[in-house]
file my_file10.pdb (PDB, C-alpha atoms, pLDDT in the B column)
ATOM      1  CA  LEU W   1     -26.736  14.785   5.645  1.00 46.00           C
ATOM      2  CA  SER W   2     -27.152  13.898   1.997  1.00 43.00           C
ATOM      3  CA  ASP W   3     -25.225  11.090   0.374  1.00 46.00           C
ATOM      4  CA  ASN W   4     -22.976  13.658  -1.265  1.00 45.00           C
ATOM      5  CA  GLU W   5     -22.225  15.292   2.082  1.00 43.00           C
ATOM      6  CA  GLU W   6     -21.519  11.989   3.777  1.00 44.00           C
ATOM      7  CA  GLU W   7     -19.043  10.953   1.088  1.00 44.00           C
ATOM      8  CA  MET W   8     -16.715  13.741   2.075  1.00 42.00           C
ATOM      9  CA  SER W   9     -13.459  11.879   1.783  1.00 43.00           C
ATOM     10  CA  ARG W  10     -12.663   9.573  -1.076  1.00 47.00           C
ATOM     11  CA  PRO W  11      -9.297   8.302  -2.338  1.00 45.00           C
ATOM     12  CA  VAL W  12      -7.442  10.240  -5.008  1.00 47.00           C
ATOM     13  CA  ASP W  13      -8.231   8.577  -8.334  1.00 55.00           C
ATOM     14  CA  GLU W  14      -5.056   6.642  -9.114  1.00 56.00           C
ATOM     15  CA  ASP W  15      -5.664   6.703 -12.894  1.00 58.00           C
ATOM     16  CA  MET W  16      -6.104  10.468 -12.793  1.00 59.00           C
ATOM     17  CA  GLN W  17      -2.945  10.935 -10.768  1.00 60.00           C
ATOM     18  CA  ALA W  18      -0.950   8.621 -13.021  1.00 61.00           C
ATOM     19  CA  LEU W  19      -2.082  10.511 -16.107  1.00 60.00           C
ATOM     20  CA  ILE W  20      -1.200  13.880 -14.578  1.00 62.00           C
ATOM     21  CA  HIS W  21       2.141  12.557 -13.366  1.00 61.00           C
ATOM     22  CA  GLN W  22       2.964  11.143 -16.803  1.00 60.00           C
ATOM     23  CA  ALA W  23       2.003  14.366 -18.534  1.00 57.00           C
ATOM     24  CA  LEU W  24       4.195  16.480 -16.277  1.00 56.00           C
ATOM     25  CA  ARG W  25       7.179  14.140 -16.531  1.00 57.00           C
ATOM     26  CA  GLN W  26       6.925  13.803 -20.299  1.00 54.00           C
ATOM     27  CA  ASN W  27       6.729  17.567 -20.744  1.00 53.00           C
ATOM     28  CA  SER W  28       9.660  17.980 -18.388  1.00 50.00           C
ATOM     29  CA  SER W  29      11.698  15.511 -20.464  1.00 51.00           C
ATOM     30  CA  ASN W  30      10.729  17.318 -23.630  1.00 50.00           C
ATOM     31  CA  ASP W  31      11.830  20.653 -22.172  1.00 50.00           C
ATOM     32  CA  ALA W  32      15.184  19.108 -21.299  1.00 49.00           C
ATOM     33  CA  GLY W  33      15.826  18.405 -24.968  1.00 50.00           C
ATOM     34  CA  GLN W  34      15.007  14.736 -25.060  1.00 50.00           C
ATOM     35  CA  ASP W  35      13.325  13.290 -28.122  1.00 47.00           C
ATOM     36  CA  THR W  36      10.514  11.632 -26.193  1.00 47.00           C
ATOM     37  CA  LYS W  37       7.239  12.759 -27.699  1.00 44.00           C
ATOM     38  CA  PRO W  38       4.688  13.658 -24.967  1.00 44.00           C
ATOM     39  CA  ARG W  39       1.485  11.722 -25.105  1.00 49.00           C
ATOM     40  CA  TYR W  40      -0.431  14.427 -23.266  1.00 50.00           C
ATOM     41  CA  ASP W  41       0.253  18.102 -23.799  1.00 62.00           C
ATOM     42  CA  GLN W  42      -0.409  20.898 -21.325  1.00 66.00           C
ATOM     43  CA  ALA W  43      -3.781  21.796 -22.864  1.00 71.00           C
ATOM     44  CA  GLU W  44      -5.030  18.228 -22.482  1.00 70.00           C
ATOM     45  CA  LEU W  45      -3.803  18.137 -18.898  1.00 69.00           C
ATOM     46  CA  ARG W  46      -5.666  21.384 -18.206  1.00 70.00           C
ATOM     47  CA  HIS W  47      -8.921  19.955 -19.599  1.00 74.00           C
ATOM     48  CA  PHE W  48      -8.487  16.878 -17.453  1.00 71.00           C
ATOM     49  CA  LEU W  49      -7.937  18.851 -14.253  1.00 73.00           C
ATOM     50  CA  ASN W  50     -10.924  21.063 -14.952  1.00 78.00           C
ATOM     51  CA  MET W  51     -13.311  18.100 -15.156  1.00 77.00           C
ATOM     52  CA  SER W  52     -13.267  17.756 -11.376  1.00 79.00           C
ATOM     53  CA  HIS W  53     -15.604  19.553  -8.988  1.00 86.00           C
ATOM     54  CA  ASP W  54     -12.930  19.180  -6.310  1.00 91.00           C
ATOM     55  CA  ILE W  55     -10.160  21.683  -5.712  1.00 93.00           C
ATOM     56  CA  MET W  56      -7.007  20.300  -7.340  1.00 92.00           C
ATOM     57  CA  ALA W  57      -3.427  21.513  -7.476  1.00 91.00           C
ATOM     58  CA  ILE W  58       0.052  20.198  -8.170  1.00 90.00           C
ATOM     59  CA  GLY W  59       3.048  21.578  -6.320  1.00 90.00           C
ATOM     60  CA  ASP W  60       6.723  21.006  -5.663  1.00 90.00           C
ATOM     61  CA  LYS W  61       8.450  19.721  -2.539  1.00 84.00           C
ATOM     62  CA  GLN W  62       9.317  23.262  -1.483  1.00 85.00           C
ATOM     63  CA  GLY W  63       5.616  24.003  -1.039  1.00 86.00           C
ATOM     64  CA  GLY W  64       5.161  26.059  -4.204  1.00 91.00           C
ATOM     65  CA  PHE W  65       2.481  25.558  -6.843  1.00 92.00           C
ATOM     66  CA  ILE W  66       2.875  24.312 -10.403  1.00 90.00           C
ATOM     67  CA  LYS W  67      -0.720  24.046 -11.597  1.00 88.00           C
ATOM     68  CA  SER W  68      -4.290  24.286 -10.297  1.00 90.00           C
ATOM     69  CA  ASN W  69      -7.691  23.642 -11.808  1.00 90.00           C
ATOM     70  CA  GLU W  70     -10.616  25.985 -12.417  1.00 90.00           C
ATOM     71  CA  THR W  71     -12.392  24.827  -9.269  1.00 92.00           C
ATOM     72  CA  PHE W  72      -9.401  26.049  -7.262  1.00 92.00           C
ATOM     73  CA  GLU W  73      -9.884  29.555  -8.620  1.00 91.00           C
ATOM     74  CA  GLN W  74     -13.677  29.417  -8.284  1.00 91.00           C
ATOM     75  CA  MET W  75     -13.554  28.344  -4.647  1.00 91.00           C
ATOM     76  CA  ILE W  76     -10.450  30.080  -3.321  1.00 93.00           C
ATOM     77  CA  GLY W  77     -10.016  32.881  -5.853  1.00 94.00           C
ATOM     78  CA  TYR W  78      -6.367  32.409  -6.853  1.00 92.00           C
ATOM     79  CA  ASN W  79      -5.325  31.512 -10.398  1.00 91.00           C
ATOM     80  CA  ASP W  80      -2.023  29.995 -11.529  1.00 89.00           C
ATOM     81  CA  GLY W  81      -0.496  33.439 -11.901  1.00 90.00           C
ATOM     82  CA  ASP W  82      -1.333  34.366  -8.312  1.00 92.00           C
ATOM     83  CA  LEU W  83      -0.031  31.050  -7.026  1.00 92.00           C
ATOM     84  CA  GLN W  84       3.423  31.459  -8.584  1.00 89.00           C
ATOM     85  CA  ASN W  85       4.465  33.600  -5.617  1.00 89.00           C
ATOM     86  CA  MET W  86       2.637  31.618  -2.953  1.00 93.00           C
ATOM     87  CA  SER W  87       3.171  28.418  -1.005  1.00 92.00           C
ATOM     88  CA  PHE W  88       0.492  26.033   0.200  1.00 93.00           C
ATOM     89  CA  ILE W  89       0.889  27.166   3.803  1.00 93.00           C
ATOM     90  CA  ASP W  90       0.064  30.739   2.696  1.00 94.00           C
ATOM     91  CA  LEU W  91      -3.469  29.550   1.912  1.00 93.00           C
ATOM     92  CA  ILE W  92      -4.124  28.276   5.418  1.00 94.00           C
ATOM     93  CA  ASP W  93      -5.956  30.565   7.821  1.00 94.00           C
ATOM     94  CA  ALA W  94      -3.748  31.900  10.621  1.00 92.00           C
ATOM     95  CA  GLU W  95      -5.659  29.958  13.296  1.00 92.00           C
ATOM     96  CA  ASP W  96      -4.911  26.606  11.623  1.00 94.00           C
ATOM     97  CA  ARG W  97      -1.506  27.383  10.144  1.00 93.00           C
ATOM     98  CA  SER W  98       0.554  26.058  13.050  1.00 93.00           C
ATOM     99  CA  ALA W  99      -1.219  22.685  13.033  1.00 92.00           C
ATOM    100  CA  VAL W 100      -0.879  22.288   9.248  1.00 92.00           C
ATOM    101  CA  ARG W 101       2.787  23.320   9.341  1.00 90.00           C
ATOM    102  CA  SER W 102       3.405  20.601  11.938  1.00 89.00           C
ATOM    103  CA  ILE W 103       1.817  18.032   9.624  1.00 85.00           C
ATOM    104  CA  MET W 104       4.019  19.154   6.732  1.00 82.00           C
ATOM    105  CA  GLN W 105       7.170  19.080   8.855  1.00 82.00           C
ATOM    106  CA  GLU W 106       6.389  15.591  10.090  1.00 79.00           C
ATOM    107  CA  ILE W 107       5.999  14.386   6.500  1.00 75.00           C
ATOM    108  CA  ALA W 108       9.226  16.081   5.406  1.00 70.00           C
ATOM    109  CA  HIS W 109      11.137  14.506   8.303  1.00 71.00           C
ATOM    110  CA  ASP W 110      10.753  11.032   6.801  1.00 66.00           C
ATOM    111  CA  ASN W 111      10.835  11.663   3.056  1.00 62.00           C
ATOM    112  CA  GLU W 112      11.051   7.997   2.064  1.00 63.00           C
ATOM    113  CA  ALA W 113       8.001   7.011   4.122  1.00 61.00           C
ATOM    114  CA  ALA W 114       6.096  10.004   2.772  1.00 67.00           C
ATOM    115  CA  GLU W 115       6.355   8.804  -0.829  1.00 78.00           C
ATOM    116  CA  ASP W 116       2.903   7.760  -2.095  1.00 77.00           C
ATOM    117  CA  GLN W 117       1.423   8.262   1.390  1.00 84.00           C
ATOM    118  CA  ILE W 118      -1.967   9.997   1.394  1.00 88.00           C
ATOM    119  CA  VAL W 119      -2.362  12.488   4.231  1.00 89.00           C
ATOM    120  CA  ASP W 120      -5.818  13.808   5.150  1.00 92.00           C
ATOM    121  CA  PHE W 121      -6.407  16.965   7.150  1.00 93.00           C
ATOM    122  CA  GLU W 122      -9.002  19.681   7.494  1.00 93.00           C
ATOM    123  CA  ALA W 123      -8.138  23.357   7.655  1.00 94.00           C
ATOM    124  CA  ARG W 124      -9.752  26.720   7.352  1.00 94.00           C
ATOM    125  CA  THR W 125      -8.472  28.138   4.086  1.00 94.00           C
ATOM    126  CA  ALA W 126      -8.151  31.846   3.328  1.00 93.00           C
ATOM    127  CA  THR W 127      -9.644  33.042   0.046  1.00 93.00           C
ATOM    128  CA  LYS W 128      -8.438  35.870  -2.144  1.00 93.00           C
ATOM    129  CA  ASN W 129     -11.401  38.064  -1.133  1.00 92.00           C
ATOM    130  CA  ASN W 130     -10.453  37.719   2.564  1.00 91.00           C
ATOM    131  CA  GLY W 131     -13.045  35.040   3.247  1.00 93.00           C
ATOM    132  CA  VAL W 132     -12.530  31.691   4.944  1.00 93.00           C
ATOM    133  CA  ARG W 133     -13.624  28.287   3.645  1.00 94.00           C
ATOM    134  CA  HIS W 134     -13.495  24.989   5.500  1.00 94.00           C
ATOM    135  CA  ILE W 135     -11.598  22.588   3.235  1.00 94.00           C
ATOM    136  CA  GLU W 136     -10.902  18.883   3.638  1.00 95.00           C
ATOM    137  CA  TRP W 137      -7.488  18.412   2.052  1.00 95.00           C
ATOM    138  CA  ARG W 138      -5.764  15.284   0.748  1.00 93.00           C
ATOM    139  CA  ARG W 139      -2.043  15.441   0.044  1.00 92.00           C
ATOM    140  CA  LYS W 140       0.142  12.923  -1.756  1.00 90.00           C
ATOM    141  CA  GLN W 141       3.813  13.038  -2.711  1.00 88.00           C
ATOM    142  CA  ARG W 142       5.270  11.204  -5.699  1.00 86.00           C
ATOM    143  CA  ASP W 143       8.611  11.623  -7.470  1.00 85.00           C
ATOM    144  CA  GLY W 144       9.179  15.169  -6.283  1.00 84.00           C
ATOM    145  CA  LEU W 145       5.643  16.367  -6.990  1.00 89.00           C
ATOM    146  CA  ILE W 146       2.928  17.117  -4.437  1.00 90.00           C
ATOM    147  CA  TYR W 147      -0.708  16.469  -5.346  1.00 91.00           C
ATOM    148  CA  TYR W 148      -3.436  18.363  -3.478  1.00 93.00           C
ATOM    149  CA  VAL W 149      -7.139  17.570  -3.631  1.00 94.00           C
ATOM    150  CA  GLY W 150      -9.564  19.620  -1.543  1.00 94.00           C
ATOM    151  CA  ARG W 151     -13.271  19.468  -0.885  1.00 93.00           C
ATOM    152  CA  ASP W 152     -15.203  22.491   0.347  1.00 93.00           C
ATOM    153  CA  VAL W 153     -17.206  21.484   3.452  1.00 94.00           C
ATOM    154  CA  THR W 154     -18.116  25.007   4.555  1.00 92.00           C
ATOM    155  CA  ASP W 155     -21.867  24.461   4.112  1.00 92.00           C
ATOM    156  CA  VAL W 156     -21.713  21.251   6.146  1.00 92.00           C
ATOM    157  CA  LYS W 157     -19.806  23.017   8.925  1.00 90.00           C
ATOM    158  CA  THR W 158     -22.321  25.855   8.927  1.00 90.00           C
ATOM    159  CA  LYS W 159     -25.218  23.405   9.290  1.00 92.00           C
ATOM    160  CA  GLU W 160     -23.409  21.528  12.075  1.00 91.00           C
ATOM    161  CA  THR W 161     -22.817  24.776  13.952  1.00 89.00           C
ATOM    162  CA  ALA W 162     -26.474  25.796  13.566  1.00 91.00           C
ATOM    163  CA  LEU W 163     -27.654  22.379  14.777  1.00 91.00           C
ATOM    164  CA  LYS W 164     -25.392  22.513  17.838  1.00 91.00           C
ATOM    165  CA  GLN W 165     -26.716  25.987  18.617  1.00 90.00           C
ATOM    166  CA  GLN W 166     -30.308  24.748  18.394  1.00 89.00           C
ATOM    167  CA  GLN W 167     -29.487  21.829  20.692  1.00 87.00           C
ATOM    168  CA  ARG W 168     -27.938  24.180  23.258  1.00 88.00           C
ATOM    169  CA  GLN W 169     -30.968  26.438  23.121  1.00 87.00           C
ATOM    170  CA  LEU W 170     -33.322  23.467  23.560  1.00 87.00           C
ATOM    171  CA  LYS W 171     -31.384  22.267  26.607  1.00 85.00           C
ATOM    172  CA  GLU W 172     -31.487  25.748  28.120  1.00 87.00           C
ATOM    173  CA  ALA W 173     -35.233  26.054  27.512  1.00 88.00           C
ATOM    174  CA  GLN W 174     -35.928  22.642  29.052  1.00 84.00           C
ATOM    175  CA  ALA W 175     -33.781  23.430  32.075  1.00 85.00           C
ATOM    176  CA  ILE W 176     -35.620  26.708  32.632  1.00 86.00           C
ATOM    177  CA  GLY W 177     -39.059  25.102  32.226  1.00 86.00           C
ATOM    178  CA  HIS W 178     -38.014  21.928  34.067  1.00 85.00           C
ATOM    179  CA  ILE W 179     -39.376  19.803  31.227  1.00 88.00           C
ATOM    180  CA  GLY W 180     -37.753  17.164  29.060  1.00 87.00           C
ATOM    181  CA  HIS W 181     -38.392  14.889  26.125  1.00 86.00           C
ATOM    182  CA  TRP W 182     -37.879  11.220  25.383  1.00 84.00           C
ATOM    183  CA  HIS W 183     -37.563   9.072  22.282  1.00 85.00           C
ATOM    184  CA  TRP W 184     -38.299   5.381  21.929  1.00 82.00           C
ATOM    185  CA  LYS W 185     -37.747   3.259  18.832  1.00 84.00           C
ATOM    186  CA  VAL W 186     -40.537   0.694  18.690  1.00 81.00           C
ATOM    187  CA  GLY W 187     -39.199  -2.661  19.821  1.00 80.00           C
ATOM    188  CA  ALA W 188     -36.031  -1.258  21.376  1.00 85.00           C
ATOM    189  CA  GLU W 189     -35.142  -2.123  24.957  1.00 86.00           C
ATOM    190  CA  THR W 190     -33.854   1.301  25.896  1.00 91.00           C
ATOM    191  CA  ILE W 191     -35.449   4.744  25.866  1.00 89.00           C
ATOM    192  CA  GLU W 192     -33.585   7.915  24.961  1.00 91.00           C
ATOM    193  CA  TRP W 193     -33.978  10.703  27.493  1.00 91.00           C
ATOM    194  CA  SER W 194     -33.040  14.347  27.285  1.00 90.00           C
ATOM    195  CA  ASP W 195     -30.687  15.637  29.970  1.00 90.00           C
ATOM    196  CA  GLU W 196     -33.498  17.348  31.843  1.00 89.00           C
ATOM    197  CA  ILE W 197     -35.470  14.115  32.365  1.00 89.00           C
ATOM    198  CA  TYR W 198     -32.457  12.637  34.128  1.00 92.00           C
ATOM    199  CA  ARG W 199     -32.432  15.684  36.393  1.00 90.00           C
ATOM    200  CA  ILE W 200     -36.195  15.452  36.996  1.00 89.00           C
ATOM    201  CA  PHE W 201     -35.874  11.844  38.164  1.00 89.00           C
ATOM    202  CA  GLY W 202     -32.692  12.579  40.097  1.00 91.00           C
ATOM    203  CA  VAL W 203     -30.518   9.990  38.352  1.00 92.00           C
ATOM    204  CA  GLU W 204     -27.089  10.322  36.738  1.00 92.00           C
ATOM    205  CA  ILE W 205     -26.676   9.844  32.987  1.00 90.00           C
ATOM    206  CA  GLU W 206     -23.532   7.778  33.588  1.00 90.00           C
ATOM    207  CA  ASN W 207     -25.202   5.398  36.068  1.00 92.00           C
ATOM    208  CA  PHE W 208     -28.755   4.934  34.795  1.00 93.00           C
ATOM    209  CA  VAL W 209     -29.969   3.259  31.583  1.00 93.00           C
ATOM    210  CA  PRO W 210     -33.638   4.044  30.834  1.00 92.00           C
ATOM    211  CA  THR W 211     -35.581   0.856  30.037  1.00 90.00           C
ATOM    212  CA  PHE W 212     -39.199  -0.095  30.732  1.00 84.00           C
ATOM    213  CA  ASP W 213     -38.158  -2.019  33.819  1.00 87.00           C
ATOM    214  CA  SER W 214     -35.718   0.558  35.184  1.00 90.00           C
ATOM    215  CA  VAL W 215     -38.150   3.444  34.624  1.00 86.00           C
ATOM    216  CA  ASN W 216     -40.938   1.483  36.350  1.00 85.00           C
ATOM    217  CA  THR W 217     -38.835   1.407  39.500  1.00 87.00           C
ATOM    218  CA  LEU W 218     -38.880   5.213  39.560  1.00 87.00           C
ATOM    219  CA  LEU W 219     -42.675   5.552  39.243  1.00 84.00           C
ATOM    220  CA  HIS W 220     -45.416   5.286  41.806  1.00 83.00           C
ATOM    221  CA  ARG W 221     -47.568   2.217  41.264  1.00 82.00           C
ATOM    222  CA  ARG W 222     -50.593   4.366  40.430  1.00 82.00           C
ATOM    223  CA  ASP W 223     -48.664   5.990  37.559  1.00 81.00           C
ATOM    224  CA  LEU W 224     -47.503   2.790  35.862  1.00 80.00           C
ATOM    225  CA  GLY W 225     -50.703   2.517  33.828  1.00 82.00           C
ATOM    226  CA  ARG W 226     -50.396   6.099  32.609  1.00 83.00           C
ATOM    227  CA  MET W 227     -46.863   5.396  31.419  1.00 77.00           C
ATOM    228  CA  MET W 228     -47.977   2.347  29.448  1.00 79.00           C
ATOM    229  CA  GLN W 229     -50.808   4.363  27.903  1.00 82.00           C
ATOM    230  CA  ALA W 230     -48.301   7.008  26.786  1.00 77.00           C
ATOM    231  CA  PHE W 231     -46.215   4.373  24.981  1.00 75.00           C
ATOM    232  CA  GLN W 232     -49.290   2.803  23.421  1.00 78.00           C
ATOM    233  CA  ARG W 233     -50.408   6.177  22.072  1.00 78.00           C
ATOM    234  CA  ALA W 234     -46.893   6.724  20.692  1.00 72.00           C
ATOM    235  CA  ILE W 235     -47.075   3.441  18.792  1.00 74.00           C
ATOM    236  CA  ILE W 236     -50.488   4.247  17.345  1.00 66.00           C
TER     237      ILE W 236
END

call {"tool": "encode", "arguments": {"input": "my_file10.pdb", "output": "structure tokens"}}
result
Amino acid sequence: LSDNEEEMSRPVDEDMQALIHQALRQNSSNDAGQDTKPRYDQAELRHFLNMSHDIMAIGDKQGGFIKSNETFEQMIGYNDGDLQNMSFIDLIDAEDRSAVRSIMQEIAHDNEAAEDQIVDFEARTATKNNGVRHIEWRRKQRDGLIYYVGRDVTDVKTKETALKQQQRQLKEAQAIGHIGHWHWKVGAETIEWSDEIYRIFGVEIENFVPTFDSVNTLLHRRDLGRMMQAFQRAII
């Protein structure tokens, strides 16, 4: 994986959240008729949200949406108008909805403990065009507002699935051909064996650790030299 793929989960930027929170609260106070002049207006808040490549949204404690950024619409397809009649759970694919609902209910059960707590979870998320994206979500509650940050990991999941499929196919091919492969890091004490080599030598993966000494005990004396030659060629 690349560095960008490995850094899949990072904390919500506290300065960003504070700025968004302040903007929403100041606008709310202004709407209520107070004389407090907002430092950040809605247009500035929108620009700030749209700077992120992550999916971002702000919601209420009932699960509804207040605002989302452009990345939200680009990735999932819904704009603020669409989201007015939707809740967060509506975005979750049916196969993951029960698990995510359980997470939300657990948070709601202890409202005081949930305040400022960051909750991480991964869920398949339904898009407006009937597609499905794998999203790593972060959720945080503060003063009656819910902050959502999501990162699309669909490409990573696709590569992981393809790699697992290749590994299964390799194991099947080796089992059929009764051949295996090994890997040794120069200087290491142990040798990595494929599953089929364990079967060839008749030893259990759980009970046998391949090392030079332990493997020597499995070989006929006349073959010890050939084994050493194979390792020497590998080093060269």

call {"tool": "resolve_selection", "arguments": {"input": "my_file10.pdb", "expression": "the PyMOL selection byres ((chain W and resi 91-99) around 7)", "output": "PyMOL selection string"}}
result
chain W and resi 88-90+100-103+123-126

call {"tool": "atom_distance", "arguments": {"input": "my_file10.pdb", "atom1": "CA of Gln166 (chain W)", "atom2": "CA of Val153 (chain W)"}}
result
20.1 Å

call {"tool": "closest_residue", "arguments": {"input": "my_file10.pdb", "among": "W:Asn129, W:Thr161, W:Gln141, W:Asn79", "to": "Lys61 (chain W)", "atoms": "all atoms listed in the file"}}
result
W:Gln141

call {"tool": "atom_distance", "arguments": {"input": "my_file10.pdb", "atom1": "CA of Phe65 (chain W)", "atom2": "CA of Ser87 (chain W)"}}
result
6.5 Å

call {"tool": "resolve_selection", "arguments": {"input": "my_file10.pdb", "expression": "the PyMOL selection byres ((chain W and resi 52-60) around 7)", "output": "ChimeraX atom specification"}}
result
/W:49-51,61-69,71-72,144-151

call {"tool": "residues_around", "arguments": {"input": "my_file10.pdb", "residues": "region 186-195 of chain W", "least_positions_apart": "4", "cutoff": "7 Å", "atoms": "all atoms listed in the file", "output": "PyMOL selection string"}}
result
chain W and resi 180-182+199+210-211

call {"tool": "closest_residue", "arguments": {"input": "my_file10.pdb", "among": "W:Met75, W:Gln169, W:Leu83, W:Ile179", "to": "Val132 (chain W)", "atoms": "all atoms listed in the file"}}
result
W:Met75

call {"tool": "resolve_selection", "arguments": {"input": "my_file10.pdb", "expression": "the PyMOL selection byres ((chain W and resi 116) around 8)", "output": "PyMOL selection string"}}
result
chain W and resi 114-115+117-118+140-142

call {"tool": "write_last_selection", "arguments": {"input": "my_file10.pdb", "atoms": "C-alpha atoms", "output": "short mmCIF file (atom, residue, chain, number, x, y, z; two decimals), keeping the file's coordinate frame"}}
result
data_model
loop_
_atom_site.label_atom_id
_atom_site.label_comp_id
_atom_site.auth_asym_id
_atom_site.auth_seq_id
_atom_site.Cartn_x
_atom_site.Cartn_y
_atom_site.Cartn_z
CA ALA W 114 6.10 10.00 2.77
CA GLU W 115 6.36 8.80 -0.83
CA GLN W 117 1.42 8.26 1.39
CA ILE W 118 -1.97 10.00 1.39
CA LYS W 140 0.14 12.92 -1.76
CA GLN W 141 3.81 13.04 -2.71
CA ARG W 142 5.27 11.20 -5.70
#

call {"tool": "atom_distance", "arguments": {"input": "my_file10.pdb", "atom1": "CA of Glu44 (chain W)", "atom2": "CA of Gln74 (chain W)"}}
result
20.0 Å
